[in-house]
$ cat target34.tsv   # TSV, C-alpha atoms
chain	number	residue	atom	x	y	z
A	1	MET	CA	81.00	80.23	102.72
A	2	LYS	CA	77.58	80.00	101.09
A	3	PHE	CA	76.59	77.60	98.33
A	4	LEU	CA	73.27	77.35	96.51
A	5	PHE	CA	72.41	74.16	94.62
A	6	LEU	CA	69.54	73.98	92.13
A	7	PHE	CA	67.69	70.76	91.32
A	8	CYS	CA	65.01	70.14	88.70
A	9	SER	CA	62.39	67.97	90.43
A	10	ASP	CA	60.88	66.52	87.24
A	11	LEU	CA	62.34	63.04	86.71
A	12	SER	CA	61.18	63.07	83.08
A	13	VAL	CA	63.42	66.09	82.50
A	14	ASP	CA	66.32	65.34	84.84
A	15	PRO	CA	67.24	61.72	85.65
A	16	VAL	CA	69.79	62.72	88.34
A	17	ALA	CA	68.67	65.76	90.34
A	18	PRO	CA	65.52	64.46	92.09
A	19	ALA	CA	67.33	61.53	93.72
A	20	VAL	CA	70.36	63.64	94.66
A	21	LEU	CA	68.11	66.32	96.20
A	22	HIS	CA	66.23	63.72	98.24
A	23	GLN	CA	69.48	62.20	99.55
A	24	ALA	CA	71.08	65.61	100.19
A	25	LYS	CA	68.19	66.81	102.36
A	26	ILE	CA	68.47	63.67	104.48
A	27	HIS	CA	72.27	63.59	104.59
A	28	TYR	CA	72.59	67.23	105.70
A	29	GLY	CA	69.43	67.38	107.81
A	30	ALA	CA	68.22	70.30	105.72
A	31	ALA	CA	65.27	72.33	106.97
A	32	SER	CA	62.88	74.63	105.14
A	33	SER	CA	63.93	78.30	105.07
A	34	SER	CA	62.17	81.59	104.34
A	35	PHE	CA	63.74	81.80	100.87
A	36	ILE	CA	61.63	81.05	97.81
A	37	VAL	CA	62.81	80.05	94.32
A	38	GLY	CA	60.33	79.17	91.63
A	39	GLU	CA	57.41	79.19	94.10
A	40	LYS	CA	59.03	76.53	96.29
A	41	SER	CA	60.74	76.88	99.66
A	42	VAL	CA	64.52	76.59	99.69
A	43	PHE	CA	66.03	74.13	102.16
A	44	GLN	CA	69.05	75.08	104.24
A	45	ALA	CA	71.76	73.24	106.18
A	46	GLN	CA	74.89	74.16	108.14
A	47	VAL	CA	78.07	72.15	107.52
A	48	ASP	CA	81.18	73.04	109.55
A	49	GLY	CA	80.18	76.70	109.65
A	50	HIS	CA	79.27	76.87	105.96
A	51	GLN	CA	75.76	77.31	104.58
A	52	LEU	CA	74.27	75.01	101.97
A	53	PHE	CA	71.00	75.91	100.25
A	54	PHE	CA	68.98	73.41	98.20
A	55	ALA	CA	66.41	74.86	95.78
A	56	GLU	CA	63.93	72.82	93.75
A	57	THR	CA	62.63	73.98	90.37
A	58	GLN	CA	59.82	72.47	88.30
A	59	ARG	CA	61.82	72.86	85.10
A	60	TYR	CA	65.51	72.78	84.37
A	61	ALA	CA	67.07	75.95	85.81
A	62	SER	CA	68.76	77.30	82.69
A	63	GLU	CA	65.44	76.98	80.83
A	64	ILE	CA	63.84	79.48	83.22
A	65	TYR	CA	66.59	82.00	83.98
A	66	PRO	CA	64.30	84.99	83.22
A	67	GLU	CA	61.81	83.64	85.77
A	68	ILE	CA	64.23	82.93	88.61
A	69	ALA	CA	67.25	85.21	88.08
A	70	GLU	CA	65.85	88.06	90.16
A	71	GLN	CA	65.03	85.67	93.02
A	72	LEU	CA	68.53	84.24	92.94
A	73	ASN	CA	70.25	87.63	92.73
A	74	SER	CA	68.16	89.37	95.41
A	75	GLN	CA	67.90	86.54	97.96
A	76	PHE	CA	71.43	85.21	97.55
A	77	PRO	CA	73.56	88.27	96.73
A	78	ASP	CA	76.55	86.98	98.68
A	79	VAL	CA	76.42	83.31	97.68
A	80	ASP	CA	79.87	82.10	96.64
A	81	MET	CA	78.61	79.84	93.86
A	82	ILE	CA	75.51	78.22	92.40
A	83	GLY	CA	75.67	74.58	91.40
A	84	LEU	CA	73.17	73.13	88.91
A	85	ILE	CA	72.94	69.45	89.81
A	86	ASN	CA	72.02	67.46	86.74
A	87	TRP	CA	72.98	64.83	84.19
A	88	HIS	CA	75.43	64.70	81.29
A	89	ALA	CA	74.66	63.18	77.92
A	90	GLY	CA	75.67	63.72	74.31
A	91	THR	CA	77.07	62.23	71.14
A	92	ASN	CA	80.23	60.24	71.91
A	93	ALA	CA	79.86	61.15	75.59
A	94	PRO	CA	82.01	59.11	77.99
A	95	ALA	CA	80.31	56.68	80.34
A	96	LYS	CA	80.61	56.63	84.14
A	97	ILE	CA	81.78	60.16	84.80
A	98	PHE	CA	81.38	63.04	87.19
A	99	CYS	CA	81.98	66.39	85.53
A	100	ALA	CA	81.61	70.12	86.08
A	101	HIS	CA	81.93	73.20	83.91
A	102	SER	CA	81.59	76.95	83.95
A	103	THR	CA	78.86	78.81	82.09
A	104	ALA	CA	79.48	80.48	78.73
A	105	ASP	CA	78.47	80.67	75.09
A	106	VAL	CA	81.95	80.60	73.60
A	107	PRO	CA	81.02	81.23	69.94
A	108	SER	CA	79.25	84.50	70.72
A	109	GLY	CA	81.77	85.54	73.37
A	110	ILE	CA	79.26	85.69	76.23
A	111	PHE	CA	80.76	84.43	79.49
A	112	GLY	CA	79.08	83.95	82.84
A	113	ALA	CA	80.79	84.90	86.06
A	114	THR	CA	83.26	82.25	87.17
A	115	SER	CA	85.78	81.29	89.81
A	116	GLY	CA	88.34	78.73	88.73
A	117	LYS	CA	89.21	78.14	92.37
A	118	LEU	CA	85.64	77.17	93.25
A	119	LEU	CA	85.22	75.08	90.10
A	120	ALA	CA	88.45	73.23	90.87
A	121	ALA	CA	87.39	72.78	94.51
A	122	THR	CA	84.13	71.22	93.31
A	123	LEU	CA	85.96	68.73	91.12
A	124	LEU	CA	88.54	67.95	93.79
A	125	ALA	CA	85.79	67.34	96.36
A	126	ILE	CA	84.03	64.96	93.97
A	127	GLU	CA	87.25	63.15	93.17
A	128	ALA	CA	88.10	62.74	96.86
A	129	GLU	CA	84.65	61.29	97.59
A	130	ARG	CA	84.81	59.05	94.52
A	131	SER	CA	88.16	57.67	95.68
A	132	SER	CA	87.00	57.28	99.29
A	133	ALA	CA	83.91	55.37	98.13
A	134	GLY	CA	86.02	53.03	96.01
A	135	LEU	CA	83.99	53.88	92.92
A	136	THR	CA	86.85	52.87	90.63
A	137	ASP	CA	84.80	52.52	87.45
A	138	PHE	CA	83.88	56.24	87.50
A	139	ARG	CA	86.14	59.15	86.53
A	140	THR	CA	86.05	62.85	87.43
A	141	LEU	CA	86.52	65.15	84.43
A	142	PHE	CA	86.79	68.86	83.74
A	143	GLU	CA	84.32	69.85	81.01
A	144	ALA	CA	84.53	72.73	78.54
A	145	SER	CA	82.59	75.93	79.25
A	146	HIS	CA	79.06	76.04	77.83
A	147	TRP	CA	75.47	76.87	78.74
A	148	SER	CA	72.74	74.26	78.74
A	149	GLY	CA	70.02	76.89	78.20
A	150	LEU	CA	70.72	76.79	74.48
A	151	THR	CA	69.43	73.20	74.46
A	152	PHE	CA	66.04	74.58	75.49
A	153	GLY	CA	66.03	77.31	72.82
A	154	ARG	CA	67.02	80.10	75.20
A	155	GLN	CA	69.09	83.11	74.15
A	156	ALA	CA	72.75	83.14	75.16
A	157	SER	CA	72.35	86.66	76.54
A	158	GLU	CA	70.21	85.21	79.34
A	159	LEU	CA	73.15	83.38	80.90
A	160	ILE	CA	74.54	86.59	82.40
A	161	GLN	CA	71.25	87.36	84.18
A	162	VAL	CA	72.46	85.32	87.17
A	163	LYS	CA	75.26	87.25	88.83
A	164	ALA	CA	76.97	84.54	90.92
A	165	PRO	CA	79.27	81.95	89.35
A	166	VAL	CA	77.14	79.07	88.07
A	167	PHE	CA	78.60	75.61	87.52
A	168	ASP	CA	76.85	72.57	86.12
A	169	ILE	CA	77.72	69.57	88.31
A	170	GLU	CA	76.83	66.34	86.57
A	171	ILE	CA	76.73	62.55	86.51
A	172	GLY	CA	77.08	61.06	83.04
A	173	SER	CA	76.43	59.88	80.57
A	174	PHE	CA	73.92	57.00	80.32
A	175	PRO	CA	70.83	55.78	82.22
A	176	ASP	CA	72.72	53.21	84.31
A	177	ASP	CA	75.20	55.92	85.34
A	178	TRP	CA	72.49	58.47	86.23
A	179	ALA	CA	70.66	55.93	88.38
A	180	ASN	CA	73.77	54.56	90.10
A	181	PRO	CA	73.07	55.06	93.85
A	182	ALA	CA	76.77	55.00	94.76
A	183	ALA	CA	77.50	57.77	92.25
A	184	GLN	CA	74.58	59.80	93.54
A	185	GLN	CA	75.85	59.45	97.10
A	186	VAL	CA	79.36	60.52	96.07
A	187	LEU	CA	77.88	63.68	94.61
A	188	VAL	CA	75.74	64.32	97.70
A	189	GLN	CA	78.70	64.02	100.06
A	190	ALA	CA	80.99	66.08	97.83
A	191	LEU	CA	78.70	69.12	98.01
A	192	GLY	CA	79.48	69.63	101.67
A	193	LYS	CA	83.22	69.11	101.15
A	194	ILE	CA	83.79	71.85	98.57
A	195	PRO	CA	85.03	74.36	101.21
A	196	ASP	CA	87.73	71.87	102.24
A	197	PHE	CA	89.40	72.36	98.85
A	198	CYS	CA	89.05	76.12	98.50
A	199	GLY	CA	92.44	76.79	100.02
A	200	ILE	CA	94.37	75.51	97.02
A	201	ASN	CA	97.01	77.98	95.88
A	202	ARG	CA	97.33	77.50	92.14
A	203	PRO	CA	97.63	80.05	89.31
A	204	ARG	CA	94.46	81.09	87.49
A	205	ALA	CA	94.23	80.46	83.75
A	206	LEU	CA	92.07	80.59	80.65
A	207	TYR	CA	92.51	77.55	78.40
A	208	LEU	CA	91.97	77.69	74.62
A	209	GLY	CA	91.80	74.66	72.35
A	210	GLY	CA	91.57	70.93	72.80
A	211	VAL	CA	88.45	68.77	72.85
A	212	HIS	CA	85.29	69.07	74.93
A	213	PHE	CA	86.59	66.73	77.63
A	214	GLU	CA	90.21	67.74	77.17
A	215	PRO	CA	92.44	65.30	79.12
A	216	SER	CA	95.13	67.94	79.65
A	217	ALA	CA	92.54	70.32	81.16
A	218	THR	CA	91.60	67.76	83.81
A	219	GLU	CA	95.31	67.10	84.41
A	220	ILE	CA	96.00	70.81	84.82
A	221	VAL	CA	93.12	71.35	87.27
A	222	PHE	CA	94.14	68.39	89.42
A	223	HIS	CA	97.85	69.19	89.49
A	224	SER	CA	98.96	72.57	88.11
A	225	ALA	CA	96.50	75.48	87.85
A	226	VAL	CA	92.82	76.38	88.09
A	227	ILE	CA	90.99	76.95	84.82
A	228	GLU	CA	88.45	79.76	84.81
A	229	HIS	CA	86.95	79.01	81.39
A	230	HIS	CA	87.89	76.38	78.82
A	231	LEU	CA	87.24	77.45	75.22
A	232	PRO	CA	87.53	74.23	73.18
A	233	ASN	CA	88.41	73.84	69.50
A	234	GLN	CA	84.88	73.25	68.22
A	235	TRP	CA	83.57	76.57	69.56
A	236	LEU	CA	86.69	78.54	68.72
A	237	VAL	CA	86.08	77.49	65.12
A	238	SER	CA	82.35	78.26	65.10
A	239	GLY	CA	83.03	81.57	66.88
A	240	GLU	CA	85.75	82.50	64.35
A	241	TYR	CA	88.39	83.11	66.97
A	242	ASN	CA	90.92	83.05	64.14
A	243	LEU	CA	89.74	86.39	62.73
A	244	PRO	CA	91.14	89.84	63.59
A	245	GLY	CA	89.46	91.26	66.68
A	246	ALA	CA	88.63	87.87	68.21
A	247	GLU	CA	91.12	88.62	70.95
A	248	GLU	CA	88.40	90.85	72.45
A	249	LYS	CA	86.25	87.76	73.08
A	250	ILE	CA	89.14	86.21	74.99
A	251	VAL	CA	89.51	89.41	77.00
A	252	ALA	CA	85.76	89.23	77.73
A	253	ALA	CA	86.29	85.72	79.09
A	254	ALA	CA	89.01	87.07	81.38
A	255	LYS	CA	86.79	89.91	82.60
A	256	SER	CA	84.09	87.44	83.64
A	257	CYS	CA	86.41	85.88	86.22
A	258	LEU	CA	86.03	86.94	89.85
A	259	SER	CA	89.83	87.03	90.03
A	260	SER	CA	91.79	87.97	86.92
A	261	PRO	CA	93.59	85.13	85.11
A	262	GLU	CA	97.34	85.04	85.55
A	263	LEU	CA	98.03	83.34	82.25
A	264	ILE	CA	96.47	82.08	79.04
A	265	ILE	CA	97.10	78.49	78.04
A	266	PHE	CA	96.58	77.25	74.50
A	267	HIS	CA	96.51	73.63	73.40
A	268	ASP	CA	99.67	72.90	71.45
A	269	GLY	CA	97.62	71.56	68.53
A	270	LEU	CA	95.71	74.83	68.07
A	271	LYS	CA	96.16	76.39	64.62
A	272	SER	CA	98.42	79.40	64.30
A	273	LEU	CA	95.80	82.14	63.80
A	274	TYR	CA	94.00	81.08	66.98
A	275	LYS	CA	97.29	81.05	68.86
A	276	GLU	CA	98.07	84.51	67.55
A	277	ASN	CA	94.80	85.91	68.91
A	278	ALA	CA	95.45	84.17	72.22
A	279	ARG	CA	98.80	85.96	72.36
A	280	LYS	CA	97.17	89.29	71.49
A	281	ALA	CA	94.64	88.83	74.29
A	282	ALA	CA	97.43	87.93	76.71
A	283	GLU	CA	99.28	91.09	75.74
A	284	LEU	CA	96.17	93.18	76.38
A	285	LEU	CA	95.79	91.50	79.77
A	286	GLY	CA	99.48	91.70	80.60
A	287	VAL	CA	99.84	87.97	81.26
A	288	PRO	CA	101.96	85.16	79.75
A	289	CYS	CA	100.58	82.95	76.97
A	290	VAL	CA	101.98	79.42	76.73
A	291	SER	CA	101.37	75.96	75.32
A	292	HIS	CA	99.71	73.46	77.65
A	293	LYS	CA	102.84	71.33	77.39
A	294	LYS	CA	104.86	74.01	79.19
A	295	LEU	CA	102.90	73.31	82.38
A	296	ARG	CA	104.32	69.80	82.54
A	297	ALA	CA	107.73	71.15	83.57
A	298	PRO	CA	108.23	70.91	87.34
A	299	ASP	CA	109.48	74.51	87.52
A	300	TRP	CA	106.91	76.07	85.20
A	301	ARG	CA	105.66	78.54	87.81
A	302	GLN	CA	109.18	79.91	88.23
A	303	THR	CA	109.99	80.06	84.50
A	304	ILE	CA	106.61	81.30	83.21
A	305	LEU	CA	105.14	83.30	86.10
A	306	LYS	CA	108.53	84.27	87.54
A	307	GLU	CA	107.52	83.06	90.95
A	308	LYS	CA	110.29	82.80	93.51
A	309	ILE	CA	110.95	79.44	95.11
$ encode --input "target34.tsv" --output "structure tokens"
Amino acid sequence: MKFLFLFCSDLSVDPVAPAVLHQAKIHYGAASSSFIVGEKSVFQAQVDGHQLFFAETQRYASEIYPEIAEQLNSQFPDVDMIGLINWHAGTNAPAKIFCAHSTADVPSGIFGATSGKLLAATLLAIEAERSSAGLTDFRTLFEASHWSGLTFGRQASELIQVKAPVFDIEIGSFPDDWANPAAQQVLVQALGKIPDFCGINRPRALYLGGVHFEPSATEIVFHSAVIEHHLPNQWLVSGEYNLPGAEEKIVAAAKSCLSSPELIIFHDGLKSLYKENARKAAELLGVPCVSHKKLRAPDWRQTILKEKI
């Protein structure tokens, strides 16, 4: 497998990536390659037969997609995923977390390519390293789909310029957390362990509703299914997913997945018009549509997906 990780080297912009890049190059014995991204050489390492690439950018990657997308697409056409190593922050953001999310602008219905299996493998690798390191005050969380380029005033349409699945992989959410050397080392070591968790055999799902760090989404990813995109309440509302025709946005989310979703999950607290459009999308896709609570039943795969024991 091939993985490309992008790091902003400006500490005034990114309080996490420079230190993680420095440690990753040492930990993996990375050497300079012939690839160039943003006028800088990309470093490369081999880990158990898998290739890891580490690219440094002067500015945050999603701020400069138009400048680097062609380099990423042409030099890494067969890369399995791209990870943007960075920090998490925000109003009411939880402290001491690792998190990862797929790329999308949910309100407008623009969804980047994704692989729920690879996103889940990333989170599982982080969680395994966190546990092994005894970093008990940190948590690993699944984060709702979004695109950080909007923070820099970029247009949502730019997010689909990069063809490979792109996941933000973050440490959050405050200065002491970003600078925590043990947390940084957990993230460094997890990058090389992602392939170890790619063999998980769990159904693929879209998830609608819930909060930005929806506890049931993390629970589902760790125990029940892989989530391709999570469309949380706040952006379903701003994107008017309750109106007729909004089911087409949900179908667009499904079409962005490298492997088609096998079901649509909605949070049980979602209002009825949103649920109705989720059901319409599921009908168009030919997949079941169920409440997140249904996945708590031990036999849910047999009763919902009709899998044979």
$ atom_distance --input "target34.tsv" --atom1 "CA of Glu39 (chain A)" --atom2 "CA of Asp78 (chain A)"
21.2 Å
$ closest_residue --input "target34.tsv" --among "A:Pro77, A:Gly90, A:Gly269, A:Pro165" --to "Ala113 (chain A)" --atoms "only C-alpha atoms"
A:Pro165
$ closest_residue --input "target34.tsv" --among "A:Gly116, A:Pro195, A:Gly109, A:Pro15" --to "Leu52 (chain A)" --atoms "all atoms listed in the file"
A:Pro195
$ residues_near_point --input "target34.tsv" --point "(85.9, 72.2, 70.1)" --cutoff "8 Å" --atoms "only C-alpha atoms" --output "JSON list (two decimals) with C-alpha atoms, in the frame of the given file"
[["chain", "number", "residue", "atom", "x", "y", "z"],
["A", 209, "GLY", "CA", 91.80, 74.66, 72.35],
["A", 210, "GLY", "CA", 91.57, 70.93, 72.80],
["A", 211, "VAL", "CA", 88.45, 68.77, 72.85],
["A", 212, "HIS", "CA", 85.29, 69.07, 74.93],
["A", 231, "LEU", "CA", 87.24, 77.45, 75.22],
["A", 232, "PRO", "CA", 87.53, 74.23, 73.18],
["A", 233, "ASN", "CA", 88.41, 73.84, 69.50],
["A", 234, "GLN", "CA", 84.88, 73.25, 68.22],
["A", 235, "TRP", "CA", 83.57, 76.57, 69.56],
["A", 236, "LEU", "CA", 86.69, 78.54, 68.72],
["A", 237, "VAL", "CA", 86.08, 77.49, 65.12]]
$ residues_around --input "target34.tsv" --residues "Lys2 (chain A)" --least-positions-apart "4" --cutoff "10 Å" --atoms "only C-alpha atoms" --output "compact mmCIF listing (two decimals) with C-alpha atoms, keeping the file's coordinate frame"
# COMPACT_ATOMS: atom_id res chain seq x y z
CA GLN A 46 74.89 74.16 108.14
CA GLY A 49 80.18 76.70 109.65
CA HIS A 50 79.27 76.87 105.96
CA GLN A 51 75.76 77.31 104.58
CA LEU A 52 74.27 75.01 101.97
CA PHE A 53 71.00 75.91 100.25
CA PHE A 76 71.43 85.21 97.55
CA ASP A 78 76.55 86.98 98.68
CA VAL A 79 76.42 83.31 97.68
CA ASP A 80 79.87 82.10 96.64
CA MET A 81 78.61 79.84 93.86
CA ILE A 82 75.51 78.22 92.40
CA PRO A 195 85.03 74.36 101.21
$ decode --input "target34.tsv" --residues "region 224-241 of chain A" --atoms "N, CA, C and O atoms" --output "short mmCIF file (atom, residue, chain, number, x, y, z; two decimals), in the first residue's frame"
data_model
loop_
_atom_site.label_atom_id
_atom_site.label_comp_id
_atom_site.auth_asym_id
_atom_site.auth_seq_id
_atom_site.Cartn_x
_atom_site.Cartn_y
_atom_site.Cartn_z
N SER A 224 -18.70 -1.72 14.86
CA SER A 224 -19.80 -2.25 14.05
C SER A 224 -19.61 -2.12 12.54
O SER A 224 -19.81 -3.08 11.80
N ALA A 225 -19.30 -0.90 12.07
CA ALA A 225 -19.24 -0.64 10.63
C ALA A 225 -18.17 0.41 10.36
O ALA A 225 -17.60 0.98 11.29
N VAL A 226 -17.88 0.64 9.09
CA VAL A 226 -17.00 1.76 8.73
C VAL A 226 -17.88 2.86 8.15
O VAL A 226 -18.80 2.58 7.38
N ILE A 227 -17.61 4.09 8.54
CA ILE A 227 -18.39 5.23 8.08
C ILE A 227 -17.61 5.96 6.99
O ILE A 227 -16.49 6.40 7.22
N GLU A 228 -18.23 6.07 5.83
CA GLU A 228 -17.58 6.73 4.70
C GLU A 228 -17.59 8.25 4.89
O GLU A 228 -16.55 8.90 4.78
N HIS A 229 -18.75 8.81 5.09
CA HIS A 229 -18.92 10.22 5.41
C HIS A 229 -19.91 10.33 6.55
O HIS A 229 -20.90 9.58 6.60
N HIS A 230 -19.67 11.29 7.46
CA HIS A 230 -20.65 11.61 8.49
C HIS A 230 -21.18 13.00 8.23
O HIS A 230 -20.41 13.98 8.23
N LEU A 231 -22.48 13.12 8.01
CA LEU A 231 -23.16 14.37 7.73
C LEU A 231 -23.90 14.78 9.00
O LEU A 231 -25.01 14.28 9.26
N PRO A 232 -23.33 15.65 9.84
CA PRO A 232 -23.94 15.94 11.14
C PRO A 232 -25.10 16.92 11.04
O PRO A 232 -25.30 17.60 10.02
N ASN A 233 -25.86 17.00 12.14
CA ASN A 233 -27.06 17.84 12.20
C ASN A 233 -26.83 19.25 11.70
O ASN A 233 -27.60 19.78 10.90
N GLN A 234 -25.79 19.91 12.20
CA GLN A 234 -25.61 21.33 11.94
C GLN A 234 -25.52 21.63 10.46
O GLN A 234 -26.03 22.66 9.98
N TRP A 235 -24.88 20.72 9.68
CA TRP A 235 -24.73 20.97 8.25
C TRP A 235 -25.88 20.40 7.44
O TRP A 235 -26.12 20.84 6.32
N LEU A 236 -26.60 19.44 7.99
CA LEU A 236 -27.84 19.02 7.34
C LEU A 236 -28.85 20.17 7.37
O LEU A 236 -29.57 20.41 6.40
N VAL A 237 -28.87 20.89 8.49
CA VAL A 237 -29.79 22.03 8.61
C VAL A 237 -29.38 23.16 7.67
O VAL A 237 -30.21 23.67 6.90
N SER A 238 -28.10 23.55 7.70
CA SER A 238 -27.67 24.66 6.85
C SER A 238 -27.73 24.30 5.36
O SER A 238 -27.90 25.17 4.51
N GLY A 239 -27.62 23.01 5.05
CA GLY A 239 -27.72 22.55 3.66
C GLY A 239 -29.12 22.21 3.23
O GLY A 239 -29.32 21.77 2.09
N GLU A 240 -30.10 22.41 4.13
CA GLU A 240 -31.53 22.17 3.84
C GLU A 240 -31.78 20.76 3.31
O GLU A 240 -32.45 20.56 2.30
N TYR A 241 -31.24 19.81 4.03
CA TYR A 241 -31.45 18.40 3.67
C TYR A 241 -32.85 17.92 4.01
O TYR A 241 -33.17 16.75 3.80
#
